[in-house]
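Structure file protein-v3.cif (mmCIF, C-alpha atoms and all ligand atoms) is printed below.
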```cif
data_coords
#
loop_
_atom_site.label_atom_id
_atom_site.label_comp_id
_atom_site.auth_asym_id
_atom_site.auth_seq_id
_atom_site.Cartn_x
_atom_site.Cartn_y
_atom_site.Cartn_z
CA MET I 200 51.49 111.98 91.25
CA ARG I 201 53.59 110.01 88.77
CA THR I 202 54.12 106.29 88.83
CA ASN I 203 57.21 104.59 87.52
CA LEU I 204 55.80 102.63 84.62
CA LEU I 205 58.79 103.29 82.40
CA TYR I 206 61.31 101.79 84.79
CA THR I 207 64.11 100.12 82.85
CA PRO I 208 66.81 98.29 84.78
CA THR I 209 69.50 99.14 82.26
CA ARG I 210 69.52 102.90 82.87
CA ASP I 211 72.68 104.55 84.04
CA TYR I 212 71.75 105.18 87.65
CA GLU I 213 74.71 107.40 88.44
CA GLN I 214 73.62 109.68 85.66
CA LEU I 215 70.09 109.68 87.03
CA ALA I 216 71.42 110.54 90.50
CA GLY I 217 73.44 113.42 89.01
CA ASN I 218 70.37 114.71 87.19
CA ILE I 219 68.31 114.58 90.39
CA ARG I 220 71.05 116.31 92.38
CA ARG I 221 71.30 119.15 89.82
CA ARG I 222 67.56 119.76 89.75
CA LEU I 223 66.56 119.11 93.34
CA ASP I 224 65.88 122.39 95.17
CA ARG I 225 64.08 121.08 98.27
CA PRO I 226 64.27 118.16 100.68
CA LEU I 227 63.08 114.72 99.68
CA VAL I 228 60.59 113.25 102.15
CA LEU I 229 59.62 109.59 102.18
CA VAL I 230 56.10 108.81 103.37
CA GLY I 231 54.26 105.50 103.67
CA MET I 232 53.24 102.76 106.03
CA MET I 233 55.37 101.46 108.85
CA GLY I 234 57.35 98.54 107.53
CA ALA I 235 57.22 99.66 103.90
CA GLY I 236 60.97 100.31 103.84
CA LYS I 237 61.15 104.14 104.06
CA SER I 238 64.26 104.26 106.24
CA ARG I 239 66.15 101.70 104.20
CA LEU I 240 65.32 103.39 100.90
CA GLY I 241 65.96 106.82 102.44
CA ARG I 242 69.47 105.84 103.52
CA MET I 243 70.27 104.39 100.11
CA LEU I 244 68.89 107.43 98.28
CA ALA I 245 70.85 109.79 100.52
CA LYS I 246 74.05 107.86 99.83
CA SER I 247 73.49 107.77 96.12
CA LEU I 248 72.62 111.49 95.95
CA GLY I 249 75.37 112.56 98.38
CA LEU I 250 72.85 114.12 100.78
CA PRO I 251 72.41 113.96 104.54
CA PHE I 252 69.78 111.52 105.85
CA PHE I 253 67.36 112.07 108.72
CA ASP I 254 64.74 109.78 110.22
CA THR I 255 62.01 111.61 112.14
CA ASP I 256 61.48 108.74 114.61
CA ALA I 257 65.21 108.69 115.40
CA GLU I 258 65.25 112.50 115.79
CA ILE I 259 62.34 112.33 118.25
CA GLU I 260 63.89 109.48 120.23
CA GLN I 261 67.18 111.33 120.40
CA SER I 262 65.71 114.56 121.70
CA ALA I 263 63.32 112.80 124.12
CA GLY I 264 66.04 110.45 125.36
CA CYS I 265 63.66 107.49 125.18
CA SER I 266 62.17 105.09 122.67
CA ILE I 267 58.97 105.60 120.64
CA PRO I 268 57.03 103.01 122.72
CA GLU I 269 58.17 104.78 125.91
CA ILE I 270 57.08 108.15 124.51
CA PHE I 271 53.64 106.76 123.64
CA GLU I 272 53.35 105.17 127.08
CA ARG I 273 54.53 108.13 129.13
CA MET I 274 53.25 111.08 127.12
CA GLY I 275 50.53 109.67 124.89
CA GLU I 276 50.12 109.67 121.13
CA ALA I 277 49.01 113.32 120.94
CA ASN I 278 52.34 114.47 122.37
CA PHE I 279 54.21 112.22 119.98
CA ARG I 280 52.30 113.73 117.04
CA ALA I 281 53.08 117.25 118.32
CA ALA I 282 56.76 116.26 118.47
CA GLU I 283 56.56 115.08 114.84
CA VAL I 284 55.34 118.55 113.79
CA ARG I 285 58.24 120.23 115.63
CA VAL I 286 60.80 117.84 114.16
CA PHE I 287 59.56 118.50 110.62
CA GLN I 288 59.63 122.26 111.19
CA ARG I 289 63.19 122.03 112.50
CA LEU I 290 64.49 119.68 109.81
CA LEU I 291 62.95 121.73 107.02
CA ASP I 292 64.17 125.03 108.50
CA GLN I 293 67.70 124.01 109.32
CA ASN I 294 68.93 121.27 107.08
CA GLY I 295 68.50 122.45 103.52
CA ILE I 296 68.37 119.73 100.93
CA ALA I 297 68.36 116.33 102.59
CA VAL I 298 66.54 112.99 102.52
CA ILE I 299 64.03 112.58 105.35
CA ALA I 300 62.21 109.34 106.24
CA SER I 301 59.00 110.14 108.09
CA GLY I 302 57.15 108.03 110.66
CA GLY I 303 54.18 106.29 109.02
CA GLY I 304 51.54 108.42 110.73
CA ALA I 305 53.27 111.80 110.47
CA VAL I 306 51.49 113.10 107.37
CA MET I 307 48.12 112.27 108.96
CA THR I 308 48.68 115.42 111.04
CA PRO I 309 47.52 118.29 108.81
CA ALA I 310 50.40 120.59 109.87
CA VAL I 311 52.92 117.95 108.72
CA ALA I 312 50.99 117.20 105.52
CA ASP I 313 50.96 120.93 104.69
CA LEU I 314 54.74 121.13 105.05
CA VAL I 315 55.53 117.87 103.28
CA PHE I 316 53.22 118.16 100.30
CA ALA I 317 53.89 121.87 99.69
CA ASP I 318 57.54 122.42 100.57
CA THR I 319 59.30 119.16 99.79
CA LEU I 320 59.51 116.59 97.04
CA SER I 321 57.51 113.74 98.54
CA VAL I 322 57.89 110.06 97.73
CA TRP I 323 55.30 107.47 98.75
CA VAL I 324 57.09 104.20 99.46
CA ARG I 325 54.31 101.68 98.85
CA ALA I 326 54.44 97.99 99.72
CA ASP I 327 51.61 95.51 99.76
CA LEU I 328 50.33 94.02 102.96
CA GLU I 329 51.85 90.58 102.34
CA LEU I 330 55.29 92.05 101.79
CA MET I 331 55.06 94.18 104.92
CA MET I 332 53.95 91.16 106.93
CA ALA I 333 56.74 89.00 105.52
CA ARG I 334 59.45 91.61 105.99
CA ASN I 335 58.60 92.66 109.50
CA ARG I 336 58.47 89.88 111.97
CA ARG I 337 59.13 92.20 114.87
CA TRP I 338 56.48 94.83 115.31
CA GLU I 339 56.85 95.43 119.03
CA ASN I 340 58.37 98.89 118.67
CA ARG I 341 55.16 100.07 116.95
CA PRO I 342 52.78 101.08 119.76
CA LEU I 343 49.79 101.39 117.40
CA LEU I 344 50.02 97.64 116.81
CA ALA I 345 50.34 96.64 120.47
CA ASN I 346 47.79 94.02 121.50
CA ARG I 347 46.21 94.06 118.07
CA ASP I 348 45.82 91.53 115.30
CA ILE I 349 48.73 92.90 113.23
CA ARG I 350 47.29 92.10 109.81
CA GLN I 351 43.94 93.66 110.70
CA ALA I 352 45.51 96.76 112.32
CA ILE I 353 47.79 97.38 109.36
CA SER I 354 45.05 96.95 106.81
CA GLU I 355 42.82 99.40 108.72
CA LEU I 356 45.65 101.94 108.78
CA MET I 357 46.25 101.40 105.05
CA ASP I 358 42.59 102.20 104.31
CA LYS I 359 42.77 105.43 106.30
CA ARG I 360 46.17 106.55 105.14
CA TYR I 361 46.40 105.67 101.48
CA PRO I 362 44.34 108.67 100.31
CA VAL I 363 46.81 110.94 102.13
CA TYR I 364 49.95 109.13 100.95
CA ALA I 365 48.53 109.42 97.43
CA ARG I 366 49.15 113.18 97.62
CA ALA I 367 52.89 112.46 97.25
CA HIS I 368 54.60 113.69 94.09
CA VAL I 369 56.16 110.33 93.26
CA VAL I 370 55.27 106.75 94.15
CA VAL I 371 57.79 103.94 94.42
CA ASP I 372 56.68 100.34 94.82
CA SER I 373 58.84 98.46 97.24
CA ARG I 374 58.88 94.84 96.11
CA ALA I 375 60.44 91.62 97.27
CA GLY I 376 63.97 91.27 95.88
CA PRO I 377 67.17 93.25 96.16
CA ALA I 378 66.87 96.65 97.85
CA THR I 379 68.89 98.13 94.99
CA ASP I 380 65.94 97.42 92.64
CA THR I 381 63.78 99.73 94.73
CA LEU I 382 66.57 102.32 94.81
CA HIS I 383 66.90 102.22 91.02
CA GLN I 384 63.17 102.52 90.61
CA ALA I 385 63.16 105.56 92.92
CA LEU I 386 66.04 107.21 91.03
CA PHE I 387 64.26 106.69 87.75
CA ALA I 388 60.92 108.02 89.04
CA LEU I 389 62.50 111.07 90.69
CA SER I 390 64.61 111.95 87.69
CA GLU I 391 61.61 111.67 85.41
CA HIS I 392 59.49 113.76 87.75
CA LEU I 393 62.10 116.51 87.96
CA ASP I 394 62.57 116.51 84.17
CA THR I 395 58.90 117.07 83.54
CA CYS I 396 57.52 118.99 86.51
CA ALA I 397 58.27 122.19 88.32
CA VAL I 398 56.82 121.36 91.73
CA PRO I 399 54.91 124.50 92.76
CA ARG I 400 56.00 126.01 96.06
C1 LIG I 501 53.84 105.12 113.33
C2 LIG I 501 54.94 104.66 112.63
C3 LIG I 501 56.27 104.54 113.25
C4 LIG I 501 56.41 105.50 114.44
C5 LIG I 501 55.28 105.31 115.40
C6 LIG I 501 53.92 105.58 114.75
C7 LIG I 501 52.55 105.20 112.64
O1 LIG I 501 57.28 104.86 112.29
O2 LIG I 501 56.44 106.83 114.00
O3 LIG I 501 55.33 103.99 115.89
O4 LIG I 501 51.65 105.91 113.12
O5 LIG I 501 52.42 104.57 111.55
P1 LIG I 501 57.68 103.90 111.05
O6 LIG I 501 56.74 104.19 109.94
O7 LIG I 501 59.08 104.33 110.72
O8 LIG I 501 57.61 102.52 111.55
#
```
Kindly transcribe the structure held in the file into structure tokens.
Ligand code: S3P
Amino acid sequence: MRTNLLYTPTRDYEQLAGNIRRRLDRPLVLVGMMGAGKSRLGRMLAKSLGLPFFDTDAEIEQSAGCSIPEIFERMGEANFRAAEVRVFQRLLDQNGIAVIASGGGAVMTPAVADLVFADTLSVWVRADLELMMARNRRWENRPLLANRDIRQAISELMDKRYPVYARAHVVVDSRAGPATDTLHQALFALSEHLDTCAVPR
């Protein structure tokens, strides 16, 4: 995994996007905690790279015809996790090169982790607990946080999940400030990664 220590705000980001686009031969998948900003960064990356964008939660809600909390309530978490595996298989089979934002727990299912860490270019969108708490005042659509002390529940999930997220090829720190800063950081880190690494299939 590479970090983005050499990030310089003066780079020509369009050129970086062009470099990424030329070299990218697989989908980009964003992993990380709920509330870290995966969907927002995913949309911006897709726009800047001229690629389609998918969000696995939205795909599941669309095909189930109900919301994530309703799916958890009616079918249970295990069925939701099984749906995540199917969505990943479908998106990776059918949609070629695209940007995909994953639900925060998806890569905790080994079948999803196998697909994401072997067959895609994975990006861990990392944000610290304080930023996630400050950014997300409305957590009610996250069933895993229902009736819990939010700070405690999130920090427990972080402990469990960080070793898995750390398998990602690239890490991008989502910080307070303009969203474009995070986008630029991601473009820089991805371009650098693709310049130096042939991700083994
Ligand atoms: C979950 C994260 C959510 C959603 C579901 C479970 C998790 O997605 O998939 O509530 O286990 O962390 P976001 O990460 O997009 O919030």
Closest pair table for chain I residues within 6 Å of ligand LIG 501 (chain I), only C-alpha atoms and all ligand atoms, as a Markdown table:
```
| residue | atom | partner | partner_atom | distance |
| --- | --- | --- | --- | --- |
| I:Met232 | CA | I:LIG501 | O6 | 5.4 |
| I:Met233 | CA | I:LIG501 | O6 | 3.2 |
| I:Gly234 | CA | I:LIG501 | O8 | 5.7 |
| I:Asp256 | CA | I:LIG501 | O2 | 5.4 |
| I:Gly302 | CA | I:LIG501 | O1 | 3.6 |
| I:Gly303 | CA | I:LIG501 | O6 | 3.4 |
| I:Gly304 | CA | I:LIG501 | O4 | 3.5 |
| I:Arg341 | CA | I:LIG501 | O3 | 4.1 |
| I:Pro342 | CA | I:LIG501 | O3 | 5.5 |
```
(message) List the spatial neighbours of segment 258-262 of chain I as a list of chain:residue names - criterion: any atom at most 8 Å away, only C-alpha atoms, same-chain residues fewer than 6 positions off excluded.
(response)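 The residues satisfying every condition are I:Ala282, I:Glu283, I:Val286.
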Since we have the selection now, will you write its residues out, keeping C-alpha atoms, as a PDB file, in the coordinates of the input?
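Okay, result-v9.pdb is ready:
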```pdb
ATOM      1  CA  ALA I 282      56.760 116.260 118.470  1.00  0.00           C
ATOM      2  CA  GLU I 283      56.560 115.080 114.840  1.00  0.00           C
ATOM      3  CA  VAL I 286      60.800 117.840 114.160  1.00  0.00           C
TER       4      VAL I 286
END
```
(request) Considering all atoms listed in the file, state which residue in the set I:Ser321, I:Thr308, I:Ser390, I:Thr395 is at the smallest distance from Val370 of chain I. (result) I:Ser321
(request) Select, from I:Asn340, I:Gln351, I:Ser301, I:Asn278, the residue with the minimum atom-to-atom distance to Val322 of chain I, counting all atoms listed in the file. (result) I:Ser301
(request) Between I:Ala326, I:Val230, I:Leu356, I:Leu314, single out the one closest to Val298 of chain I, counting all atoms listed in the file. (result) I:Val230
(message) Excluding Leu328 of chain I and its own-chain neighbours fewer than 4 positions away, which residues fall within 12 Å of it when counting all atoms listed in the file? Please give them as a PyMOL selection string.
(response) chain I and resi 232-235+332-335+349-358+373-375
(request) Go ahead and compute the interatomic distance for atom CA of Phe271 of chain I and atom CA of Glu339 of chain I, in Å to one decimal. (result)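 Taking atom CA of Phe271 of chain I and atom CA of Glu339 of chain I, their separation equals 12.6 Å.
When atom CA of Val324 of chain I is paired with atom CA of Gly236 of chain I, their separation reads 7.0 Å.
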(request) Give as a PyMOL selection string the set of residues within 12 Å of the point (65.3, 103.9, 98.3), where distances use the file's coordinates and only C-alpha atoms. (result) chain I and resi 216+227-230+235-248+252+298-300+322-325+370-374+377-389
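For the point (50.0, 107.1, 119.7), the residues with at least one atom inside 10 Å, counting only C-alpha atoms, are Ile267, Pro268, Ile270, Phe271, Glu272, Met274, Gly275, Glu276, Ala277, Asn278, Phe279, Arg280, Gly304, Arg341, Pro342, Leu343 and Leu344 of chain I.
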(request) Between atom CA of Ala312 of chain I and atom CA of Arg366 of chain I, measure the distance and give it in Å to one decimal. (result)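 Those two atoms sit 9.1 Å apart.
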(request) Would you kindly return, as a ChimeraX atom specification, each protein, DNA or RNA residue with an atom no farther than 10 Å from any atom of segment 289-292 of chain I, considering all atoms listed in the file and excluding same-chain residues fewer than 3 positions away? (result) /I:225-226,253-255,258,283-286,295-297,299,314-315,318-319
Could the residues in this selection be saved with C-alpha atoms as an mmCIF file, in the coordinates of the input?
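Result went into out_19.cif, see below:
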```cif
data_model
loop_
_atom_site.group_PDB
_atom_site.id
_atom_site.type_symbol
_atom_site.label_atom_id
_atom_site.label_comp_id
_atom_site.auth_asym_id
_atom_site.auth_seq_id
_atom_site.Cartn_x
_atom_site.Cartn_y
_atom_site.Cartn_z
ATOM 1 C CA ARG I 225 64.080 121.080 98.270
ATOM 2 C CA PRO I 226 64.270 118.160 100.680
ATOM 3 C CA PHE I 253 67.360 112.070 108.720
ATOM 4 C CA ASP I 254 64.740 109.780 110.220
ATOM 5 C CA THR I 255 62.010 111.610 112.140
ATOM 6 C CA GLU I 258 65.250 112.500 115.790
ATOM 7 C CA GLU I 283 56.560 115.080 114.840
ATOM 8 C CA VAL I 284 55.340 118.550 113.790
ATOM 9 C CA ARG I 285 58.240 120.230 115.630
ATOM 10 C CA VAL I 286 60.800 117.840 114.160
ATOM 11 C CA GLY I 295 68.500 122.450 103.520
ATOM 12 C CA ILE I 296 68.370 119.730 100.930
ATOM 13 C CA ALA I 297 68.360 116.330 102.590
ATOM 14 C CA ILE I 299 64.030 112.580 105.350
ATOM 15 C CA LEU I 314 54.740 121.130 105.050
ATOM 16 C CA VAL I 315 55.530 117.870 103.280
ATOM 17 C CA ASP I 318 57.540 122.420 100.570
ATOM 18 C CA THR I 319 59.300 119.160 99.790
#
```
(request) Could you tell me which of I:Pro362, I:Pro251, I:Gly264, I:Gly217 comes closest to Asn294 of chain I if we count only C-alpha atoms? (result)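 Under the stated criterion, the closest residue is I:Pro251.
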